[in-house]
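> Hey, dropping protein_10.cif in here, mmCIF, C-alpha atoms:
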```
data_my_file
#
loop_
_atom_site.group_PDB
_atom_site.id
_atom_site.type_symbol
_atom_site.label_atom_id
_atom_site.label_comp_id
_atom_site.auth_asym_id
_atom_site.auth_seq_id
_atom_site.Cartn_x
_atom_site.Cartn_y
_atom_site.Cartn_z
ATOM 1 C CA MET A 1 -52.307 -94.241 -16.326
ATOM 2 C CA HIS A 2 -48.843 -93.422 -17.674
ATOM 3 C CA PHE A 3 -46.376 -94.822 -15.152
ATOM 4 C CA THR A 4 -42.758 -95.598 -16.036
ATOM 5 C CA GLY A 5 -40.741 -98.147 -14.078
ATOM 6 C CA THR A 6 -41.111 -98.502 -10.321
ATOM 7 C CA ILE A 7 -43.126 -95.738 -8.701
ATOM 8 C CA TRP A 8 -41.514 -94.318 -5.558
ATOM 9 C CA ARG A 9 -43.377 -92.281 -2.982
ATOM 10 C CA PRO A 10 -42.871 -91.508 0.726
ATOM 11 C CA PRO A 11 -44.941 -93.647 3.129
ATOM 12 C CA TYR A 12 -46.904 -90.567 4.199
ATOM 13 C CA GLU A 13 -48.177 -89.996 0.625
ATOM 14 C CA ALA A 14 -50.152 -93.273 0.593
ATOM 15 C CA ALA A 15 -53.532 -91.530 0.348
ATOM 16 C CA SER A 16 -52.465 -89.041 -2.333
ATOM 17 C CA LEU A 17 -53.388 -89.165 -6.012
ATOM 18 C CA LEU A 18 -50.202 -90.292 -7.773
ATOM 19 C CA LEU A 19 -49.550 -88.498 -11.043
ATOM 20 C CA GLU A 20 -46.520 -88.988 -13.268
ATOM 21 C CA VAL A 21 -45.162 -85.689 -14.578
ATOM 22 C CA THR A 22 -41.505 -86.744 -14.877
ATOM 23 C CA ALA A 23 -39.584 -90.016 -14.951
ATOM 24 C CA GLY A 24 -35.989 -90.543 -13.914
ATOM 25 C CA CYS A 25 -33.620 -88.059 -12.288
ATOM 26 C CA THR A 26 -31.924 -84.938 -13.635
ATOM 27 C CA HIS A 27 -28.825 -85.519 -11.481
ATOM 28 C CA HIS A 28 -28.339 -89.260 -11.877
ATOM 29 C CA LYS A 29 -24.864 -89.186 -10.242
ATOM 30 C CA CYS A 30 -25.296 -90.182 -6.577
ATOM 31 C CA LYS A 31 -22.885 -93.060 -6.010
ATOM 32 C CA PHE A 32 -25.259 -95.096 -3.840
ATOM 33 C CA CYS A 33 -28.380 -94.748 -5.987
ATOM 34 C CA THR A 34 -29.634 -97.411 -8.395
ATOM 35 C CA LEU A 35 -33.354 -96.544 -8.216
ATOM 36 C CA TYR A 36 -33.581 -95.382 -11.834
ATOM 37 C CA ALA A 37 -30.846 -97.533 -13.391
ATOM 38 C CA GLY A 38 -33.387 -99.645 -15.303
ATOM 39 C CA LEU A 39 -34.835 -96.759 -17.296
ATOM 40 C CA PRO A 40 -33.744 -96.343 -20.933
ATOM 41 C CA PHE A 41 -33.158 -92.613 -20.281
ATOM 42 C CA SER A 42 -31.862 -90.445 -17.429
ATOM 43 C CA PHE A 43 -34.781 -88.012 -17.238
ATOM 44 C CA ARG A 44 -37.973 -87.321 -19.146
ATOM 45 C CA MET A 45 -40.826 -84.850 -18.824
ATOM 46 C CA SER A 46 -44.312 -86.212 -19.354
ATOM 47 C CA PRO A 47 -46.229 -84.480 -22.167
ATOM 48 C CA LEU A 48 -49.024 -82.374 -20.732
ATOM 49 C CA GLU A 49 -51.420 -84.370 -22.921
ATOM 50 C CA ASP A 50 -50.457 -87.507 -20.959
ATOM 51 C CA VAL A 51 -50.853 -85.699 -17.643
ATOM 52 C CA GLU A 52 -54.347 -84.542 -18.591
ATOM 53 C CA ALA A 53 -55.281 -87.998 -19.911
ATOM 54 C CA ASP A 54 -54.228 -89.530 -16.587
ATOM 55 C CA LEU A 55 -56.276 -86.993 -14.650
ATOM 56 C CA LEU A 56 -59.310 -87.808 -16.782
ATOM 57 C CA GLU A 57 -58.768 -91.543 -16.228
ATOM 58 C CA ALA A 58 -58.394 -91.071 -12.475
ATOM 59 C CA GLN A 59 -61.525 -88.882 -12.411
ATOM 60 C CA THR A 60 -63.489 -91.520 -14.333
ATOM 61 C CA MET A 61 -62.347 -94.270 -11.985
ATOM 62 C CA ALA A 62 -63.276 -92.176 -8.961
ATOM 63 C CA HIS A 63 -66.850 -91.877 -10.251
ATOM 64 C CA SER A 64 -67.251 -95.261 -11.919
ATOM 65 C CA PRO A 65 -70.642 -96.899 -11.168
ATOM 66 C CA LEU A 66 -68.962 -100.320 -11.161
ATOM 67 C CA ASP A 67 -66.395 -99.161 -8.612
ATOM 68 C CA ARG A 68 -69.171 -97.682 -6.484
ATOM 69 C CA LEU A 69 -71.098 -100.972 -6.640
ATOM 70 C CA ALA A 70 -68.002 -102.973 -5.711
ATOM 71 C CA ALA A 71 -67.361 -100.649 -2.780
ATOM 72 C CA ALA A 72 -70.967 -100.982 -1.593
ATOM 73 C CA LEU A 73 -70.787 -104.789 -1.759
ATOM 74 C CA GLN A 74 -67.639 -104.697 0.376
ATOM 75 C CA GLY A 75 -69.113 -102.227 2.820
ATOM 76 C CA LEU A 76 -66.633 -99.538 1.769
ATOM 77 C CA PRO A 77 -67.314 -95.843 1.133
ATOM 78 C CA ALA A 78 -68.565 -95.245 -2.397
ATOM 79 C CA GLY A 79 -66.269 -93.293 -4.692
ATOM 80 C CA ARG A 80 -62.752 -92.023 -4.089
ATOM 81 C CA THR A 81 -61.999 -88.457 -3.110
ATOM 82 C CA TYR A 82 -58.570 -86.895 -2.917
ATOM 83 C CA SER A 83 -57.398 -83.846 -1.016
ATOM 84 C CA ARG A 84 -53.782 -84.111 -2.155
ATOM 85 C CA ALA A 85 -51.771 -85.063 -5.232
ATOM 86 C CA PHE A 86 -48.216 -86.375 -5.333
ATOM 87 C CA LEU A 87 -46.210 -85.903 -8.532
ATOM 88 C CA THR A 88 -43.997 -88.914 -9.203
ATOM 89 C CA GLY A 89 -40.422 -89.015 -10.481
ATOM 90 C CA ALA A 90 -37.098 -88.413 -8.736
ATOM 91 C CA ASN A 91 -37.398 -84.618 -8.734
ATOM 92 C CA PRO A 92 -40.426 -83.105 -10.489
ATOM 93 C CA PHE A 93 -39.751 -79.799 -8.699
ATOM 94 C CA VAL A 94 -36.974 -79.240 -11.258
ATOM 95 C CA LEU A 95 -39.662 -78.307 -13.802
ATOM 96 C CA ASN A 96 -39.892 -74.600 -14.440
ATOM 97 C CA ALA A 97 -42.502 -72.653 -12.515
ATOM 98 C CA GLY A 98 -44.718 -72.174 -15.553
ATOM 99 C CA ARG A 99 -45.040 -75.896 -16.181
ATOM 100 C CA LEU A 100 -45.637 -76.653 -12.496
ATOM 101 C CA LEU A 101 -48.352 -74.003 -12.420
ATOM 102 C CA GLU A 102 -50.013 -75.498 -15.519
ATOM 103 C CA ILE A 103 -49.957 -78.939 -13.890
ATOM 104 C CA ALA A 104 -51.574 -77.443 -10.794
ATOM 105 C CA ARG A 105 -54.258 -75.852 -12.976
ATOM 106 C CA LEU A 106 -55.035 -79.197 -14.622
ATOM 107 C CA ILE A 107 -55.215 -80.957 -11.265
ATOM 108 C CA GLY A 108 -57.661 -78.348 -9.997
ATOM 109 C CA GLN A 109 -59.767 -78.678 -13.152
ATOM 110 C CA TYR A 110 -60.266 -82.431 -12.750
ATOM 111 C CA PHE A 111 -60.063 -82.686 -8.948
ATOM 112 C CA PRO A 112 -61.355 -79.520 -7.251
ATOM 113 C CA THR A 113 -61.107 -81.328 -3.897
ATOM 114 C CA ILE A 114 -57.306 -81.435 -4.145
ATOM 115 C CA LYS A 115 -55.865 -78.522 -2.189
ATOM 116 C CA THR A 116 -52.153 -79.384 -1.943
ATOM 117 C CA ILE A 117 -49.538 -80.890 -4.251
ATOM 118 C CA GLY A 118 -46.370 -82.654 -3.166
ATOM 119 C CA CYS A 119 -43.396 -84.174 -4.965
ATOM 120 C CA PHE A 120 -39.764 -85.134 -4.553
ATOM 121 C CA ALA A 121 -37.229 -82.343 -4.979
ATOM 122 C CA ARG A 122 -33.498 -81.861 -5.018
ATOM 123 C CA VAL A 123 -32.028 -78.925 -3.124
ATOM 124 C CA THR A 124 -30.799 -77.545 -6.436
ATOM 125 C CA ASP A 125 -34.335 -77.563 -7.860
ATOM 126 C CA VAL A 126 -35.351 -74.873 -5.367
ATOM 127 C CA GLY A 127 -32.410 -72.714 -6.423
ATOM 128 C CA LEU A 128 -33.709 -72.631 -10.004
ATOM 129 C CA LYS A 129 -36.738 -70.593 -8.906
ATOM 130 C CA THR A 130 -37.037 -66.969 -7.881
ATOM 131 C CA ASP A 131 -38.664 -65.949 -4.617
ATOM 132 C CA GLU A 132 -41.643 -64.666 -6.621
ATOM 133 C CA GLU A 133 -42.012 -68.020 -8.385
ATOM 134 C CA LEU A 134 -41.872 -69.912 -5.089
ATOM 135 C CA ALA A 135 -44.636 -67.671 -3.750
ATOM 136 C CA ARG A 136 -46.774 -68.364 -6.841
ATOM 137 C CA LEU A 137 -46.200 -72.119 -6.489
ATOM 138 C CA LYS A 138 -47.261 -71.945 -2.851
ATOM 139 C CA ALA A 139 -50.425 -70.103 -3.854
ATOM 140 C CA ALA A 140 -51.114 -72.795 -6.475
ATOM 141 C CA GLY A 141 -51.018 -75.523 -3.810
ATOM 142 C CA TYR A 142 -47.426 -76.779 -3.797
ATOM 143 C CA ASP A 143 -46.677 -77.702 -0.217
ATOM 144 C CA GLY A 144 -45.097 -80.548 1.721
ATOM 145 C CA ILE A 145 -42.389 -81.389 -0.810
ATOM 146 C CA THR A 146 -39.913 -84.133 0.091
ATOM 147 C CA ILE A 147 -36.194 -83.420 -0.245
ATOM 148 C CA GLY A 148 -33.634 -86.209 -0.176
ATOM 149 C CA VAL A 149 -30.936 -84.216 1.607
ATOM 150 C CA GLU A 150 -29.482 -87.537 2.928
ATOM 151 C CA THR A 151 -27.167 -85.854 5.469
ATOM 152 C CA GLY A 152 -25.634 -82.597 6.638
ATOM 153 C CA ASP A 153 -22.154 -84.149 6.543
ATOM 154 C CA ARG A 154 -20.152 -82.204 3.956
ATOM 155 C CA GLN A 155 -17.561 -84.949 3.499
ATOM 156 C CA ALA A 156 -20.264 -87.528 2.754
ATOM 157 C CA LEU A 157 -22.175 -85.222 0.400
ATOM 158 C CA ASP A 158 -18.997 -84.504 -1.559
ATOM 159 C CA PHE A 159 -17.923 -88.155 -1.762
ATOM 160 C CA MET A 160 -21.358 -89.342 -2.867
ATOM 161 C CA ASP A 161 -21.585 -86.685 -5.634
ATOM 162 C CA LYS A 162 -24.852 -85.241 -4.323
ATOM 163 C CA GLY A 163 -24.184 -81.978 -6.149
ATOM 164 C CA TYR A 164 -24.701 -79.646 -3.191
ATOM 165 C CA GLY A 165 -23.365 -78.976 0.298
ATOM 166 C CA PRO A 166 -24.765 -78.119 3.740
ATOM 167 C CA LYS A 167 -24.790 -74.367 2.954
ATOM 168 C CA ASP A 168 -26.956 -75.018 -0.098
ATOM 169 C CA ILE A 169 -29.436 -76.996 2.020
ATOM 170 C CA LEU A 170 -29.569 -74.158 4.531
ATOM 171 C CA THR A 171 -29.961 -71.426 1.914
ATOM 172 C CA GLN A 172 -32.632 -73.085 -0.228
ATOM 173 C CA CYS A 173 -34.730 -74.461 2.637
ATOM 174 C CA ARG A 174 -34.772 -71.028 4.264
ATOM 175 C CA ARG A 175 -36.170 -69.728 0.973
ATOM 176 C CA LEU A 176 -38.898 -72.376 1.189
ATOM 177 C CA ASP A 177 -39.571 -71.261 4.771
ATOM 178 C CA ARG A 178 -39.999 -67.669 3.630
ATOM 179 C CA ALA A 179 -42.324 -68.752 0.812
ATOM 180 C CA GLY A 180 -44.412 -70.818 3.233
ATOM 181 C CA ILE A 181 -43.776 -74.074 1.340
ATOM 182 C CA GLY A 182 -43.553 -76.932 3.817
ATOM 183 C CA TYR A 183 -40.952 -79.634 3.281
ATOM 184 C CA SER A 184 -39.726 -82.921 4.690
ATOM 185 C CA PHE A 185 -36.285 -84.506 4.634
ATOM 186 C CA PHE A 186 -35.071 -87.984 3.785
ATOM 187 C CA TYR A 187 -32.043 -88.912 5.898
ATOM 188 C CA LEU A 188 -29.812 -91.823 4.875
ATOM 189 C CA ALA A 189 -28.229 -93.633 7.811
ATOM 190 C CA GLY A 190 -24.842 -95.050 6.885
ATOM 191 C CA ILE A 191 -23.960 -92.489 4.223
ATOM 192 C CA SER A 192 -20.975 -91.193 6.220
ATOM 193 C CA GLY A 193 -19.328 -94.606 6.181
ATOM 194 C CA ALA A 194 -17.767 -96.824 8.834
ATOM 195 C CA ARG A 195 -16.909 -95.166 12.169
ATOM 196 C CA ARG A 196 -18.281 -91.783 11.049
ATOM 197 C CA GLY A 197 -21.972 -92.313 11.783
ATOM 198 C CA ARG A 198 -22.152 -90.241 14.939
ATOM 199 C CA GLU A 199 -20.116 -87.446 13.372
ATOM 200 C CA GLY A 200 -22.457 -87.351 10.381
ATOM 201 C CA ALA A 201 -25.524 -87.461 12.622
ATOM 202 C CA GLN A 202 -24.324 -84.559 14.743
ATOM 203 C CA ALA A 203 -23.524 -82.459 11.664
ATOM 204 C CA SER A 204 -26.974 -83.249 10.269
ATOM 205 C CA ALA A 205 -28.768 -82.358 13.505
ATOM 206 C CA ALA A 206 -26.864 -79.059 13.716
ATOM 207 C CA LEU A 207 -28.063 -78.230 10.197
ATOM 208 C CA PHE A 208 -31.642 -79.468 10.601
ATOM 209 C CA ASN A 209 -32.027 -77.530 13.881
ATOM 210 C CA GLN A 210 -31.701 -74.300 11.878
ATOM 211 C CA LEU A 211 -34.611 -75.247 9.609
ATOM 212 C CA HIS A 212 -38.270 -76.301 9.819
ATOM 213 C CA PRO A 213 -38.781 -79.743 8.255
ATOM 214 C CA GLN A 214 -42.205 -81.210 8.980
ATOM 215 C CA ILE A 215 -40.943 -84.797 8.847
ATOM 216 C CA ILE A 216 -37.493 -86.358 8.911
ATOM 217 C CA GLY A 217 -37.908 -89.734 7.263
ATOM 218 C CA SER A 218 -34.960 -92.043 7.728
ATOM 219 C CA SER A 219 -33.795 -94.809 5.420
ATOM 220 C CA MET A 220 -30.745 -97.054 5.777
ATOM 221 C CA LEU A 221 -28.067 -97.316 3.136
ATOM 222 C CA THR A 222 -28.290 -100.557 1.156
ATOM 223 C CA ILE A 223 -25.496 -101.094 -1.366
ATOM 224 C CA TYR A 224 -26.180 -102.945 -4.599
ATOM 225 C CA GLN A 225 -23.522 -104.273 -6.952
ATOM 226 C CA ASP A 226 -24.638 -102.086 -9.852
ATOM 227 C CA SER A 227 -23.961 -98.885 -7.884
ATOM 228 C CA ARG A 228 -20.875 -96.714 -8.189
ATOM 229 C CA LEU A 229 -20.486 -96.978 -4.426
ATOM 230 C CA TYR A 230 -19.997 -100.733 -4.674
ATOM 231 C CA SER A 231 -17.084 -100.106 -7.051
ATOM 232 C CA GLU A 232 -15.599 -97.619 -4.575
ATOM 233 C CA ILE A 233 -15.773 -100.260 -1.851
ATOM 234 C CA GLN A 234 -14.113 -102.848 -4.088
ATOM 235 C CA ALA A 235 -11.334 -100.363 -4.814
ATOM 236 C CA GLY A 236 -10.787 -99.788 -1.083
ATOM 237 C CA ASN A 237 -11.900 -96.144 -1.208
ATOM 238 C CA TRP A 238 -14.833 -96.428 1.222
ATOM 239 C CA GLN A 239 -15.994 -98.766 3.983
ATOM 240 C CA GLU A 240 -19.608 -99.527 4.839
ATOM 241 C CA ALA A 241 -20.916 -98.952 8.364
ATOM 242 C CA GLY A 242 -22.252 -101.936 10.276
ATOM 243 C CA GLU A 243 -25.955 -102.345 10.971
ATOM 244 C CA LEU A 244 -25.648 -101.637 14.694
ATOM 245 C CA GLU A 245 -23.596 -98.564 13.849
ATOM 246 C CA LYS A 246 -26.431 -97.325 11.630
ATOM 247 C CA LEU A 247 -28.870 -97.712 14.534
ATOM 248 C CA ASP A 248 -26.427 -95.908 16.817
ATOM 249 C CA GLU A 249 -26.229 -93.148 14.192
ATOM 250 C CA LEU A 250 -30.007 -92.715 14.269
ATOM 251 C CA ARG A 251 -29.856 -92.552 18.059
ATOM 252 C CA ALA A 252 -27.239 -89.806 17.828
ATOM 253 C CA LEU A 253 -29.320 -87.882 15.292
ATOM 254 C CA ILE A 254 -32.488 -88.034 17.394
ATOM 255 C CA SER A 255 -30.645 -87.142 20.594
ATOM 256 C CA HIS A 256 -29.233 -83.963 19.011
ATOM 257 C CA LEU A 257 -32.450 -82.732 17.354
ATOM 258 C CA THR A 258 -33.978 -79.764 19.194
ATOM 259 C CA ILE A 259 -36.701 -78.764 16.704
ATOM 260 C CA PRO A 260 -40.333 -79.913 16.766
ATOM 261 C CA VAL A 261 -40.522 -82.552 14.029
ATOM 262 C CA THR A 262 -41.954 -85.972 13.253
ATOM 263 C CA PHE A 263 -39.206 -88.575 12.994
ATOM 264 C CA ALA A 264 -40.134 -91.667 10.997
ATOM 265 C CA ALA A 265 -38.131 -94.741 9.987
ATOM 266 C CA LEU A 266 -40.797 -96.625 8.034
ATOM 267 C CA GLY A 267 -39.300 -97.730 4.713
ATOM 268 C CA ALA A 268 -38.237 -101.284 3.861
ATOM 269 C CA SER A 269 -34.535 -100.399 4.082
ATOM 270 C CA ASN A 270 -34.886 -99.882 7.843
ATOM 271 C CA THR A 271 -34.136 -103.007 9.876
ATOM 272 C CA PHE A 272 -36.790 -101.821 12.348
ATOM 273 C CA ASN A 273 -39.708 -99.439 11.820
ATOM 274 C CA PHE A 274 -40.463 -96.751 14.384
ATOM 275 C CA GLN A 275 -41.754 -93.188 14.508
ATOM 276 C CA GLY A 276 -42.629 -90.442 16.935
ATOM 277 C CA LYS A 277 -42.950 -86.721 17.431
ATOM 278 C CA LEU A 278 -40.165 -84.637 18.897
ATOM 279 C CA PRO A 279 -39.801 -83.483 21.573
ATOM 280 C CA GLU A 280 -42.780 -85.412 23.034
ATOM 281 C CA ASP A 281 -41.534 -88.887 22.078
ATOM 282 C CA TRP A 282 -37.814 -88.181 22.440
ATOM 283 C CA GLU A 283 -37.246 -90.483 25.426
ATOM 284 C CA ARG A 284 -39.382 -93.296 23.965
ATOM 285 C CA LEU A 285 -37.557 -93.283 20.642
ATOM 286 C CA LEU A 286 -34.151 -93.388 22.308
ATOM 287 C CA SER A 287 -35.304 -96.121 24.677
ATOM 288 C CA ASP A 288 -36.656 -98.163 21.750
ATOM 289 C CA LEU A 289 -33.348 -97.861 19.896
ATOM 290 C CA ASP A 290 -31.417 -98.893 22.998
ATOM 291 C CA ARG A 291 -33.649 -101.947 23.394
ATOM 292 C CA ILE A 292 -33.295 -102.921 19.732
ATOM 293 C CA CYS A 293 -29.509 -102.743 19.963
ATOM 294 C CA ARG A 294 -29.525 -104.869 23.135
ATOM 295 C CA GLU A 295 -31.847 -107.534 21.758
ATOM 296 C CA THR A 296 -30.379 -107.969 18.265
ATOM 297 C CA ASP A 297 -26.893 -108.653 16.964
ATOM 298 C CA GLU A 298 -24.913 -107.605 13.902
ATOM 299 C CA LYS A 299 -25.222 -110.993 12.220
ATOM 300 C CA GLU A 300 -29.033 -110.985 12.417
ATOM 301 C CA LEU A 301 -29.282 -107.421 11.131
ATOM 302 C CA ARG A 302 -26.783 -108.074 8.351
ATOM 303 C CA LEU A 303 -28.802 -111.051 7.174
ATOM 304 C CA TYR A 304 -31.791 -108.742 6.740
ATOM 305 C CA ARG A 305 -29.699 -106.282 4.702
ATOM 306 C CA GLU A 306 -28.208 -108.952 2.446
ATOM 307 C CA ASN A 307 -31.622 -110.454 1.683
ATOM 308 C CA LEU A 308 -33.373 -107.144 1.049
ATOM 309 C CA PRO A 309 -34.784 -107.120 -2.504
ATOM 310 C CA HIS A 310 -33.787 -104.250 -4.727
ATOM 311 C CA LEU A 311 -35.525 -101.129 -3.462
#
```
Could you write out this file's structure as structure tokens?


Amino acid sequence: MHFTGTIWRPPYEAASLLLEVTAGCTHHKCKFCTLYAGLPFSFRMSPLEDVEADLLEAQTMAHSPLDRLAAALQGLPAGRTYSRAFLTGANPFVLNAGRLLEIARLIGQYFPTIKTIGCFARVTDVGLKTDEELARLKAAGYDGITIGVETGDRQALDFMDKGYGPKDILTQCRRLDRAGIGYSFFYLAGISGARRGREGAQASAALFNQLHPQIIGSSMLTIYQDSRLYSEIQAGNWQEAGELEKLDELRALISHLTIPVTFAALGASNTFNFQGKLPEDWERLLSDLDRICRETDEKELRLYRENLPHL
């Protein structure tokens, strides 16, 4: 399989067939991000020949007699079937509709059992496509894409050089709603900076409540020395929020959400993992956060952050 660098996927894509169709990020400017700093290029499209070769390899492995024998000896189901594919890379949805449709055709050729295709996307990637193209992508199986919106806080989005604002999130996600393409958000606790967590959370909830994300997956900001944000901190231009403040920010976000959505803080950057469905688990999630804040202190949480390996 052709995989370049570290492969990132949301926790909820664990059972999906991972397929590299891009590597790196087309934006490559977010001040906090160092995920793709080790690549010798900013962004690269995979040749379709490589994509097809990987599909053939994955198909062969799924039907390998040796793999079936090993599974039988371990008492596991024989063979591997997939109902979903996840395209890897920072934002494969930036590819033009024609290329995405060809990738979908190849996936269907080698894995007829796969019915839906997900990937990471930037808000701006959606804006590159017409309504007709979005409808065709939906018909081809694209659904459940993951968008790293990070926040609905305009000040934070501008400072971090995300390349879009809250109105862009609203406009493009409404277009996805109309096309029937489901989507999930990544929220980044701490992105608004010290003493602005609640303000950022409330602005984000107000924005999210106008949309229909299936999942809001939360991560916590971890700052590495090779990031532009670290340089901003050293220059005195920005101050990092404390760990308890980040938890309080998540509490504020959850308490202001009024839409039905799954809220999940499952990634390694989170000092504690928790998840639930809103509104059913609203009280439990808030109670859990209150308990965590009572039973832990800033020093303990900070130690976790400082010893967190590079994501």

> Could you write out as a list in words the residues that the PyMOL selection byres ((chain A and resi 81) around 9) matches in the shown file?

Ala62, Gly79, Arg80, Tyr82, Ser83, Phe111, Thr113 and Ile114 of chain A

> Compile the contact shell of range 99-108 of chain A as a ChimeraX atom specification: residues with an atom at most 10 Å away, counting all atoms listed in the file, same-chain residues fewer than 6 positions apart removed.

/A:17,19,21,48,51-52,55-56,84-85,87,92-93,114-117,133,136-142

> Given the PyMOL selection byres ((chain A and resi 149) around 9) and the file above, list the residues it selects as a list in words.

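Checked against the file, the PyMOL selection byres ((chain A and resi 149) around 9) matches Arg122, Val123, Ile147, Gly148, Glu150, Thr151, Gly152, Leu157, Lys162, Pro166, Ile169, Phe185, Phe186, Tyr187 and Leu188 of chain A.
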
> Between CA of Ala189 in chain A and CA of Pro40 in chain A, what is the distance, to one decimal in Å?

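A separation of 29.4 Å between them.
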
> Find the residues near Asn270 in chain A: any atom within 12 Å, counting only C-alpha atoms, skip ones fewer than 6 places away on the same chain, and give them as JSON, numbers by chain.

{"A": [187, 188, 189, 190, 217, 218, 219, 220, 221, 222, 243, 244, 246, 247, 250, 264, 301, 302, 304, 305, 308, 311]}

> Run the PyMOL selection byres ((chain A and resi 10) around 9) on the file and write out the hits as a PyMOL selection string.

chain A and resi 8-9+11-14+120+146+217+267

> Calculate how many Å separate CA of Arg284 in chain A from CA of Thr296 in chain A, rounding to one decimal.

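If I compute the distance from CA of Arg284 in chain A to CA of Thr296 in chain A, I get 18.1 Å.
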
> When you count all atoms listed in the file, which of these residues is closest to Gly127 in chain A: A:Glu283, A:Gly144, A:Arg154, A:Asp168?

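Checking each of A:Glu283, A:Gly144, A:Arg154, A:Asp168 against Gly127 in chain A, counting all atoms listed in the file, the winner is A:Asp168.
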
> Compare A:Leu95, A:Leu211, A:Ala15, A:Ile216 by their minimum atom-to-atom distance to Gln275 in chain A, counting all atoms listed in the file, and give me the closest one.

A:Ile216

> State, in Å with one decimal place, the distance from CA of Met1 in chain A to CA of Glu20 in chain A.

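If I compute the distance from CA of Met1 in chain A to CA of Glu20 in chain A, I get 8.4 Å.
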
> Select, from A:Gly200, A:Pro260, A:Gly242, A:Pro279, the residue with the minimum atom-to-atom distance to Glu300 in chain A, counting all atoms listed in the file.

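Smallest distance to Glu300 in chain A is found for A:Gly242.
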
> From the options A:Leu278, A:Tyr110, A:Gly38, A:Asp288, which residue's atoms come nearest to His63 in chain A, counting all atoms listed in the file?

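Ranking A:Leu278, A:Tyr110, A:Gly38, A:Asp288 by distance to His63 in chain A, first place goes to A:Tyr110.
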
> As a list in words, please: the residues near Glu199 in chain A (cut-off 9 Å, all atoms listed in the file, same-chain neighbours under 6 positions excluded).

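Everything that qualifies: Asp153, Ser192, Glu249 and Ala252 of chain A.
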
> Taking into account all atoms listed in the file, which residue in the set A:Gly98, A:Pro47, A:Gly5, A:Gly276 is nearest to Leu134 in chain A?

A:Gly98

> Counting all atoms listed in the file, what is within 9 Å of Ile223 in chain A, bar same-chain residues fewer than 3 positions away, as a count of residues only?

8

> May I have the residues at most 6 Å from (-36.8, -85.8, -9.6) in the file's coordinates, counting all atoms listed in the file, as a PyMOL selection string?

chain A and resi 25+89-92+120-121

> Let me have the centre and edge lengths in Å, one decimal, of the box along x, y and z around every listed atom of range 93-111 of chain A with 8 Å of margin on each side, as JSON.


```
{"center_x": -48.6, "center_y": -77.4, "center_z": -12.4, "size_x": 39.3, "size_y": 26.5, "size_z": 23.5}
```

> Of the candidates A:Lys31, A:Thr271, A:Met61, A:Glu280, which shows the shortest atom-to-atom distance to Ser231 in chain A, using all atoms listed in the file?

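Ranked by minimum distance to Ser231 in chain A, first place goes to A:Lys31.
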